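Just run_8.tsv here, TSV, C-alpha atoms:
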```tsv
chain	number	residue	atom	x	y	z
A	1119	MET	CA	-18.38	13.13	-15.72
A	1120	ALA	CA	-15.93	15.87	-16.60
A	1121	THR	CA	-14.43	15.98	-20.09
A	1122	ILE	CA	-10.70	15.34	-20.41
A	1123	LYS	CA	-9.03	17.04	-23.37
A	1124	ARG	CA	-5.64	18.13	-22.07
A	1125	VAL	CA	-3.43	15.91	-19.90
A	1126	GLY	CA	-0.54	17.01	-17.72
A	1127	VAL	CA	2.16	14.62	-16.48
A	1128	LEU	CA	4.62	15.47	-13.73
A	1129	GLY	CA	7.91	13.67	-14.28
A	1130	CYS	CA	9.37	12.25	-17.48
A	1131	GLY	CA	11.26	9.32	-16.00
A	1132	LEU	CA	10.41	5.68	-16.57
A	1133	MET	CA	6.81	5.95	-15.38
A	1134	GLY	CA	6.06	9.54	-16.36
A	1135	SER	CA	7.29	9.13	-19.92
A	1136	GLY	CA	5.20	5.96	-20.28
A	1137	ILE	CA	2.07	7.69	-19.00
A	1138	ALA	CA	2.70	10.65	-21.31
A	1139	GLN	CA	3.17	8.27	-24.26
A	1140	VAL	CA	-0.10	6.36	-23.77
A	1141	ALA	CA	-2.03	9.61	-23.21
A	1142	ALA	CA	-0.62	11.15	-26.41
A	1143	GLN	CA	-1.22	7.93	-28.35
A	1144	ALA	CA	-4.85	8.05	-27.23
A	1145	GLY	CA	-5.16	11.48	-28.85
A	1146	TYR	CA	-4.93	13.68	-25.77
A	1147	ASP	CA	-2.91	16.90	-25.95
A	1148	THR	CA	-0.26	16.00	-23.39
A	1149	VAL	CA	2.20	18.22	-21.52
A	1150	VAL	CA	4.96	16.46	-19.59
A	1151	ARG	CA	7.02	18.46	-17.11
A	1152	GLU	CA	10.49	17.78	-15.73
A	1153	VAL	CA	12.63	19.80	-13.35
A	1154	GLU	CA	15.59	20.03	-15.76
A	1155	GLN	CA	15.88	20.04	-19.55
A	1156	LYS	CA	18.36	17.14	-19.58
A	1157	PHE	CA	15.85	14.86	-17.84
A	1158	LEU	CA	13.11	16.02	-20.17
A	1159	ASP	CA	15.24	15.38	-23.26
A	1160	LYS	CA	16.08	11.88	-22.01
A	1161	GLY	CA	12.42	11.08	-21.38
A	1162	ILE	CA	11.16	12.39	-24.72
A	1163	SER	CA	13.97	10.55	-26.49
A	1164	GLY	CA	12.85	7.37	-24.76
A	1165	ILE	CA	9.30	7.87	-25.99
A	1166	GLU	CA	10.50	8.39	-29.56
A	1167	LYS	CA	12.65	5.25	-29.29
A	1168	ASN	CA	9.71	3.17	-27.98
A	1169	LEU	CA	7.43	4.37	-30.74
A	1170	GLY	CA	10.16	3.70	-33.32
A	1171	LYS	CA	10.52	0.10	-32.12
A	1172	SER	CA	6.75	-0.37	-32.39
A	1173	VAL	CA	6.88	0.86	-36.00
A	1174	GLU	CA	9.77	-1.50	-36.81
A	1175	LYS	CA	7.83	-4.44	-35.40
A	1176	GLY	CA	4.74	-3.51	-37.39
A	1177	LYS	CA	2.70	-2.81	-34.24
A	1178	LEU	CA	2.33	0.88	-35.07
A	1179	LYS	CA	1.92	2.78	-38.31
A	1180	PRO	CA	4.48	5.54	-39.02
A	1181	GLU	CA	1.66	8.09	-39.25
A	1182	ASP	CA	0.40	7.03	-35.82
A	1183	LYS	CA	3.86	7.61	-34.38
A	1184	ASP	CA	3.88	11.10	-35.90
A	1185	ALA	CA	0.37	11.76	-34.56
A	1186	CYS	CA	1.43	10.71	-31.07
A	1187	LEU	CA	4.46	13.01	-31.06
A	1188	SER	CA	2.36	15.89	-32.40
A	1189	HIS	CA	0.16	15.62	-29.29
A	1190	LEU	CA	3.18	15.65	-26.96
A	1191	LYS	CA	4.87	18.71	-25.49
A	1192	GLY	CA	7.71	18.85	-22.96
A	1193	THR	CA	8.32	21.65	-20.49
A	1194	VAL	CA	10.32	22.55	-17.38
A	1195	SER	CA	7.68	25.03	-16.20
A	1196	LEU	CA	4.73	24.12	-13.98
A	1197	SER	CA	2.78	27.05	-15.46
A	1198	ASP	CA	2.46	25.13	-18.75
A	1199	LEU	CA	0.11	22.73	-16.94
A	1200	ALA	CA	-2.35	25.51	-16.05
A	1201	ASP	CA	-5.02	24.51	-18.60
A	1202	CYS	CA	-4.84	20.73	-18.10
A	1203	ASP	CA	-8.04	18.86	-17.24
A	1204	ILE	CA	-6.13	16.18	-15.35
A	1205	VAL	CA	-2.58	16.21	-13.98
A	1206	ILE	CA	-0.92	12.86	-13.21
A	1207	GLU	CA	2.08	12.99	-10.89
A	1208	ALA	CA	4.88	10.47	-11.38
A	1209	ILE	CA	7.82	12.00	-9.55
A	1210	ILE	CA	10.17	10.48	-6.96
A	1211	GLU	CA	8.43	8.45	-4.22
A	1212	ASN	CA	8.96	11.07	-1.51
A	1213	ALA	CA	5.86	12.25	0.36
A	1214	GLN	CA	7.21	15.68	1.32
A	1215	LEU	CA	8.42	16.50	-2.19
A	1216	LYS	CA	5.10	15.34	-3.68
A	1217	LYS	CA	3.10	17.48	-1.24
A	1218	GLU	CA	5.23	20.55	-1.91
A	1219	THR	CA	4.79	20.05	-5.65
A	1220	TYR	CA	1.01	19.60	-5.32
A	1221	ALA	CA	0.69	22.74	-3.17
A	1222	GLU	CA	2.49	24.78	-5.84
A	1223	LEU	CA	0.54	23.12	-8.64
A	1224	ASP	CA	-2.75	23.79	-6.85
A	1225	ARG	CA	-2.20	27.53	-7.21
A	1226	ILE	CA	-1.47	27.23	-10.94
A	1227	VAL	CA	-3.83	24.65	-12.46
A	1228	LYS	CA	-7.45	25.55	-13.13
A	1229	LYS	CA	-9.77	24.87	-10.20
A	1230	ASP	CA	-11.93	22.18	-11.83
A	1231	ALA	CA	-8.99	20.01	-12.90
A	1232	ILE	CA	-8.42	16.57	-11.38
A	1233	PHE	CA	-5.15	15.72	-9.66
A	1234	ALA	CA	-3.92	12.11	-9.73
A	1235	SER	CA	-0.88	10.40	-8.26
A	1236	ASN	CA	0.94	7.36	-9.64
A	1237	THR	CA	2.31	6.53	-6.19
A	1238	SER	CA	2.62	2.82	-5.45
A	1239	SER	CA	2.73	3.01	-1.65
A	1240	LEU	CA	1.81	6.41	-0.21
A	1241	THR	CA	-1.81	7.09	0.71
A	1242	ILE	CA	-3.71	9.35	-1.65
A	1243	THR	CA	-5.47	11.06	1.26
A	1244	GLU	CA	-2.17	12.32	2.67
A	1245	LEU	CA	-1.13	13.78	-0.69
A	1246	SER	CA	-4.55	15.32	-1.38
A	1247	MET	CA	-4.48	17.33	1.85
A	1248	ALA	CA	-1.65	19.44	0.43
A	1249	THR	CA	-4.23	20.94	-1.94
A	1250	ALA	CA	-7.54	22.79	-1.75
A	1251	ARG	CA	-9.16	20.14	-4.00
A	1252	PRO	CA	-9.22	16.81	-2.09
A	1253	LYS	CA	-12.59	15.99	-3.70
A	1254	GLN	CA	-10.87	16.11	-7.11
A	1255	PHE	CA	-7.94	13.94	-6.07
A	1256	VAL	CA	-7.47	10.27	-7.03
A	1257	GLY	CA	-4.80	7.66	-7.43
A	1258	LEU	CA	-3.94	6.41	-10.92
A	1259	HIS	CA	-1.36	3.69	-10.38
A	1260	PHE	CA	0.06	2.54	-13.72
A	1261	PHE	CA	2.48	-0.39	-13.97
A	1262	ASN	CA	5.91	-0.64	-15.56
A	1263	PRO	CA	6.38	-0.66	-18.53
A	1264	VAL	CA	3.34	1.59	-18.95
A	1265	PRO	CA	2.82	1.13	-22.73
A	1266	VAL	CA	2.71	-2.67	-22.25
A	1267	MET	CA	1.08	-3.33	-18.87
A	1268	LYS	CA	-2.72	-3.26	-19.05
A	1269	LEU	CA	-3.60	-2.65	-15.40
A	1270	VAL	CA	-4.32	0.69	-13.73
A	1271	GLU	CA	-5.38	0.86	-10.09
A	1272	VAL	CA	-7.85	3.75	-9.70
A	1273	VAL	CA	-7.87	4.80	-6.07
A	1274	ARG	CA	-10.54	6.81	-4.28
A	1275	THR	CA	-10.20	8.36	-0.85
A	1276	ILE	CA	-13.03	9.01	1.61
A	1277	LEU	CA	-13.17	12.52	0.14
A	1278	THR	CA	-12.96	11.79	-3.61
A	1279	SER	CA	-16.15	12.80	-5.42
A	1280	ASP	CA	-18.03	10.31	-7.59
A	1281	GLU	CA	-17.50	12.58	-10.60
A	1282	ALA	CA	-13.73	12.74	-10.14
A	1283	PHE	CA	-13.46	8.98	-9.63
A	1284	ASP	CA	-15.70	8.15	-12.61
A	1285	THR	CA	-13.77	10.58	-14.82
A	1286	ALA	CA	-10.41	9.08	-13.82
A	1287	PHE	CA	-11.72	5.54	-14.31
A	1288	ALA	CA	-13.03	6.42	-17.79
A	1289	PHE	CA	-9.72	8.14	-18.62
A	1290	ALA	CA	-7.79	4.95	-17.76
A	1291	LYS	CA	-10.04	3.00	-20.12
A	1292	SER	CA	-9.62	5.59	-22.85
A	1293	VAL	CA	-5.82	5.13	-22.90
A	1294	GLY	CA	-6.26	1.39	-23.49
A	1295	LYS	CA	-5.94	0.16	-19.92
A	1296	GLU	CA	-7.99	-2.16	-17.72
A	1297	PRO	CA	-8.81	-0.17	-14.58
A	1298	VAL	CA	-9.73	-1.66	-11.21
A	1299	SER	CA	-11.26	0.22	-8.30
A	1300	CYS	CA	-9.24	0.39	-5.07
A	1301	ARG	CA	-9.69	1.78	-1.60
A	1302	ASP	CA	-7.01	4.15	-0.32
A	1303	ASN	CA	-4.82	1.78	1.68
A	1304	SER	CA	-1.05	1.75	1.39
A	1305	GLY	CA	-0.09	-0.59	-1.47
A	1306	PHE	CA	-3.65	-0.68	-2.85
A	1307	ILE	CA	-4.37	-4.17	-4.25
A	1308	VAL	CA	-1.22	-5.31	-6.07
A	1309	ASN	CA	1.51	-4.19	-3.67
A	1310	ARG	CA	-0.61	-5.12	-0.64
A	1311	LEU	CA	-0.35	-8.73	-1.87
A	1312	LEU	CA	2.96	-8.58	-3.75
A	1313	VAL	CA	5.25	-6.98	-1.16
A	1314	PRO	CA	4.73	-9.64	1.56
A	1315	TYR	CA	5.32	-12.32	-1.11
A	1316	ILE	CA	8.69	-10.95	-2.22
A	1317	LEU	CA	9.77	-10.26	1.37
A	1318	ASP	CA	8.90	-13.84	2.26
A	1319	ALA	CA	11.06	-14.99	-0.65
A	1320	ILE	CA	14.03	-13.14	0.88
A	1321	ARG	CA	13.29	-14.67	4.29
A	1322	ALA	CA	13.07	-18.12	2.72
A	1323	TYR	CA	16.50	-17.59	1.17
A	1324	GLU	CA	17.89	-16.31	4.50
A	1325	GLU	CA	16.57	-19.48	6.18
A	1326	GLY	CA	18.18	-21.75	3.58
A	1327	VAL	CA	14.94	-22.97	2.02
A	1328	GLY	CA	16.49	-22.77	-1.45
A	1329	SER	CA	18.98	-20.87	-3.59
A	1330	ILE	CA	18.11	-17.61	-5.35
A	1331	GLU	CA	17.95	-19.40	-8.68
A	1332	ASP	CA	15.88	-22.33	-7.36
A	1333	ILE	CA	13.35	-20.10	-5.57
A	1334	ASP	CA	12.91	-18.06	-8.75
A	1335	LYS	CA	12.54	-21.20	-10.89
A	1336	ALA	CA	10.09	-22.78	-8.43
A	1337	MET	CA	7.75	-19.78	-8.46
A	1338	GLN	CA	7.95	-19.47	-12.24
A	1339	LEU	CA	7.29	-23.10	-13.04
A	1340	GLY	CA	5.17	-23.98	-10.02
A	1341	CYS	CA	2.89	-20.92	-10.01
A	1342	GLY	CA	3.12	-19.80	-13.63
A	1343	TYR	CA	4.56	-16.40	-12.69
A	1344	PRO	CA	6.35	-14.58	-15.54
A	1345	MET	CA	9.43	-14.11	-13.33
A	1346	GLY	CA	10.60	-15.26	-9.91
A	1347	PRO	CA	10.66	-12.98	-6.84
A	1348	PHE	CA	14.39	-12.17	-6.99
A	1349	THR	CA	14.32	-11.35	-10.70
A	1350	LEU	CA	11.30	-9.15	-9.97
A	1351	LEU	CA	13.07	-7.44	-7.06
A	1352	ASP	CA	16.02	-6.60	-9.29
A	1353	PHE	CA	13.64	-5.24	-11.93
A	1354	VAL	CA	11.67	-3.05	-9.50
A	1355	GLY	CA	14.76	-1.94	-7.58
A	1356	LEU	CA	15.84	-3.10	-4.13
A	1357	ASP	CA	16.08	0.50	-2.91
A	1358	THR	CA	12.54	1.20	-4.12
A	1359	THR	CA	11.24	-1.95	-2.45
A	1360	TYR	CA	13.08	-1.09	0.78
A	1361	TYR	CA	11.44	2.33	0.82
A	1362	ILE	CA	8.00	0.81	0.19
A	1363	THR	CA	8.46	-1.56	3.15
A	1364	HIS	CA	8.95	1.43	5.46
A	1365	VAL	CA	5.77	3.10	4.25
A	1366	MET	CA	3.65	-0.06	4.43
A	1367	HIS	CA	5.04	-1.24	7.76
A	1368	GLU	CA	4.35	2.18	9.28
A	1369	GLU	CA	0.73	2.04	8.08
A	1370	TYR	CA	-0.13	-1.57	8.94
A	1371	GLN	CA	2.28	-2.27	11.84
A	1372	GLU	CA	2.54	-5.90	10.71
A	1373	LYS	CA	5.76	-7.92	10.60
A	1374	ARG	CA	5.03	-9.24	7.10
A	1375	PHE	CA	5.62	-5.72	5.71
A	1376	ALA	CA	8.96	-5.26	7.50
A	1377	ALA	CA	12.19	-5.42	5.49
A	1378	PRO	CA	14.28	-8.56	6.12
A	1379	PRO	CA	17.89	-7.89	7.24
A	1380	LEU	CA	19.32	-9.06	3.90
A	1381	LEU	CA	17.30	-6.49	1.93
A	1382	ARG	CA	18.69	-3.69	4.11
A	1383	LYS	CA	22.25	-4.99	3.66
A	1384	MET	CA	21.86	-5.20	-0.12
A	1385	VAL	CA	20.67	-1.60	-0.25
A	1386	LEU	CA	23.49	-0.41	2.03
A	1387	ALA	CA	25.94	-2.21	-0.29
A	1388	GLY	CA	24.56	-0.33	-3.30
A	1389	ARG	CA	23.14	-3.46	-4.92
A	1390	PHE	CA	19.89	-1.94	-6.16
A	1391	GLY	CA	19.20	-4.40	-8.97
A	1392	ARG	CA	19.34	-3.95	-12.72
A	1393	LYS	CA	19.72	-0.17	-12.56
A	1394	SER	CA	22.97	-0.46	-10.56
A	1395	GLY	CA	24.24	-3.51	-12.44
A	1396	ALA	CA	23.86	-5.85	-9.49
A	1397	GLY	CA	21.20	-6.94	-7.03
A	1398	PHE	CA	20.30	-10.52	-6.24
A	1399	TYR	CA	21.81	-11.18	-9.66
A	1400	ASP	CA	24.96	-9.74	-11.20
A	1401	TYR	CA	24.37	-8.25	-14.65
A	1402	SER	CA	27.97	-7.57	-15.69
A	1403	GLY	CA	28.23	-10.59	-17.98
A	1404	GLU	CA	26.23	-11.95	-20.88
A	1405	LYS	CA	23.72	-13.64	-18.55
A	1406	PRO	CA	22.58	-12.68	-15.04
A	1407	VAL	CA	24.42	-14.68	-12.36
A	1408	PRO	CA	22.89	-15.14	-8.85
A	1409	PHE	CA	25.10	-13.43	-6.28
A	1410	ASP	CA	25.22	-16.62	-4.18
A	1411	LYS	CA	27.08	-18.29	-7.08
A	1412	LYS	CA	29.64	-15.55	-7.57
```

What would you get if you wrote out this structure as structure tokens?
Amino acid sequence: MATIKRVGVLGCGLMGSGIAQVAAQAGYDTVVREVEQKFLDKGISGIEKNLGKSVEKGKLKPEDKDACLSHLKGTVSLSDLADCDIVIEAIIENAQLKKETYAELDRIVKKDAIFASNTSSLTITELSMATARPKQFVGLHFFNPVPVMKLVEVVRTILTSDEAFDTAFAFAKSVGKEPVSCRDNSGFIVNRLLVPYILDAIRAYEEGVGSIEDIDKAMQLGCGYPMGPFTLLDFVGLDTTYYITHVMHEEYQEKRFAAPPLLRKMVLAGRFGRKSGAGFYDYSGEKPVPFDKK
């Protein structure tokens, strides 16, 4: 296996900042890159805030917070990732933009470095073909919020070398995660099973099976899920889910991956979930209110 000493992260949004945080906390020299300084500042500030909360709760020692931040560097230049041993991409879920970024990165980063994508729906093979290193290309799908969620899906394509896969798998373990091995199919394991479930919940609501609140409560109390499907949809983002349905339906050509009409209408109406203040629930008051009770 290759030795990982320096980690690069593309994107300092919700996922990228979380990945950068856990890498730096694990003692890796970590460089996180954003396209603009304002986005970088917001991401780094979020990391500092998360670490500060952990210190306040007694989950982290102040010196460990300082050590983490000492391992972390922000940049707006791709060239600062040149010496990284692994680069993990966590930018917007747009295949063309990802491929363009990888092609540029491929010319900059040292030839023996591993490239990894945090994509939740796109195939790793497609992304890897934008580079001259498909054998050193894997998927590393972290879950939100990254510092809390233990799972990482480690994805190998038909071209990924054993060394690259084993190195990525060991890296996931080294940052305190529980990795699982996945084949390169759209959605991998979790979204392959989760997306049809949440789409079926929307269809059940459309068909009058139950109210938003009752369907959520039934799945929580009946199946022991931490949150119901509509609460989860609002957390993930209805626009994000809608995009994922297009990618997965195109790959599998199965109706269960197709977006129900209501999901499309919600997205067209700008009800994206928590991030927009309203989705299947309205978040303008003290407590979330289902939109079918408004």

query = Between atom CA of A:Asn1262 and atom CA of A:Ala1234, what is the distance, to one decimal in Å?
reply = 17.1 Å

key: Atom pair atom CA of A:Glu1369 / atom CA of A:Val1256: separation (Å)   = 19.1 Å

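Here atom CA of A:Val1127 stands at a distance of 17.3 Å from atom CA of A:Ala1288.
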
request  = Using only C-alpha atoms, find the one residue out of A:Leu1240, A:Thr1285, A:Ser1279, A:Thr1193 that sits nearest to A:Phe1306.
outcome  = A:Leu1240

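Shown here are all protein and nucleic acid residues lying within 12 Å of (13.1, 17.4, -19.7), with all atoms listed in the file considered: A:Val1127, A:Leu1128, A:Gly1129, A:Cys1130, A:Gly1131, A:Gly1134, A:Ser1135, A:Val1149, A:Val1150, A:Arg1151, A:Glu1152, A:Val1153, A:Glu1154, A:Gln1155, A:Lys1156, A:Phe1157, A:Leu1158, A:Asp1159, A:Lys1160, A:Gly1161, A:Ile1162, A:Ser1163, A:Gly1164, A:Lys1191, A:Gly1192, A:Thr1193, A:Val1194, A:Ser1195.
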
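Among the candidates A:Leu1311, A:Ala1248, A:Leu1169, A:Ile1209, the one nearest to A:Met1133 when counting only C-alpha atoms is A:Ile1209.
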
request  = List the residues sitting within 8 Å of (6.6, -2.2, 1.8) in the file's frame, using all atoms listed in the file, as number ranges by chain.
outcome  = A: 1239, 1305, 1309, 1313-1314, 1359-1367, 1375-1377

key: Shell of 7 Å around stretch 1219-1224 of chain A, all atoms listed in the file, local chain residues under 2 positions omitted, as a PyMOL selection string   = chain A and resi 1196+1215-1217+1226-1227+1248-1249

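For the set A:Thr1148, A:Ser1394, A:Thr1121, A:Ser1402, the residue with the smallest atom-to-atom gap to A:Asp1198 is A:Thr1148, counting all atoms listed in the file.
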
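Here the question is which of A:Pro1263, A:Thr1349, A:Arg1374, A:Phe1287 gets nearest to A:Asp1318 using only C-alpha atoms, and that residue is A:Arg1374.
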
remark   = Of A:Ala1319, A:Ile1232, A:Ala1144, A:Cys1300, the one nearest to A:Leu1190 when counting all atoms listed in the file is A:Ala1144
